[in-house]
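Written out below as structure tokens is the structure these notes cover.
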Amino acid sequence: QVQVVESGGGSVQSGGSLKLSCTINRYPYGNYEVGWFHQGPNKEREGVAAIENYRSVTTYADSVKGRFTISQDNARSTLTVFLQMNSLTPEDTGMYFCAVGARNDPPFLDADRYSFWGQGIQVTVSS
């Protein structure tokens with residue numbers, strides 16, 4: 001069974017940084033894309049960044065361009081995808097989910113494109 005586990009969340013003041021990690025085990029296909037999704041309080045889940053594994057092509061939501069960076073470490077048997085979040089604002093508060101799905105180039109930010117999801121992790125940015 002595919003396992004997707006997020007880590008690295010927490011609380012930070014506005015303007016601060018956090019780095020989230022997503023560890024994926026047992027994904028059965030050689031080509032994939034991994035996305036990070038944000039769900040703010042009383043808001044719908046939205047894609048913020050995605051990366052595909054072959055050429056590391058990335059996609060970002062306009063709201064995070066220049067502030068967030070997605071990267072991957074697929075050199076080992078376990079895939080880990082990172083989301084470096086800088087210049088955080090209270091609007092970035094919420095749950096962050098990692099998900100994996102079939103590869104697209106460029107990768108999608110649509111949640112429907114992803115098959116396996118983590119439980120999510122909380123990020124709180126105070127003003």
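In the structure tokens, each chain is lettered A, B, ... as it comes, each chain's residues begin at 1, and ligands are numbered from 1 in order of appearance.
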
I need the strand (DSSP E) residues of chain A per DSSP on the backbone, written as a ChimeraX atom specification. /A:3-7,10-13,18-25,32-39,46-52,58-60,68-73,79-85,94-102,116-117,121-126

Excluding same-chain residues fewer than 6 positions from segment 72-77 of chain A, what lies within 8 Å of it counting only C-alpha atoms, as a list in words?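 What passes the distance filter is Ile51, Asn53 and Ser56 of chain A.
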
Which one of A:Gly94, A:Pro107, A:Gly16, A:Gly101 sits closest to Gly120 of chain A if you count only C-alpha atoms?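 Checking each candidate against Gly120 of chain A, we get A:Gly94 as the closest.
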
So which residues touch segment 17-22 of chain A within 7 Å, counting only C-alpha atoms, skipping near sequence neighbours fewer than 5 positions away, as a VMD selection string? chain A and resid 4 to 9 80 to 88 98

Mind dumping the selected residues with C-alpha atoms as a compact mmCIF listing (two decimals), in the first residue's frame?
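Done, and the output landed in result-v9.txt:
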# COMPACT_ATOMS: atom_id res chain seq x y z
CA VAL A 4 2.47 9.32 2.05
CA VAL A 5 3.63 11.06 5.22
CA GLU A 6 4.10 14.79 5.77
CA SER A 7 6.34 16.34 8.41
CA GLY A 8 7.85 19.68 9.35
CA GLY A 9 4.79 21.76 10.09
CA THR A 80 11.19 12.63 -0.35
CA VAL A 81 9.71 15.87 -1.61
CA PHE A 82 10.31 19.17 0.16
CA LEU A 83 8.41 22.41 0.26
CA GLN A 84 10.51 25.34 1.40
CA MET A 85 8.18 28.13 2.45
CA ASN A 86 9.60 31.62 2.92
CA SER A 87 8.07 35.02 3.63
CA LEU A 88 5.08 33.35 5.22
CA CYS A 98 1.13 16.00 0.03

Pick out the closest residue to Gln13 of chain A from this set: A:Gly118, A:Pro90, A:Gly30, A:Pro106. Count only C-alpha atoms. A:Pro90

Just the number, please: distance in Å from atom CA of Val64 of chain A to atom CA of Val12 of chain A, one decimal. 16.8 Å

Selection near Phe97 of chain A, 7 Å with only C-alpha atoms, sequence-local residues under 6 positions removed, as an MDAnalysis selection string: chainID A and resid 36:38 118:121

When you count only C-alpha atoms, which of these residues is closest to Leu79 of chain A: A:Lys43, A:Val100, A:Tyr114, A:Val57?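 Once distances to Leu79 of chain A are computed over only C-alpha atoms, the minimum belongs to A:Val100.
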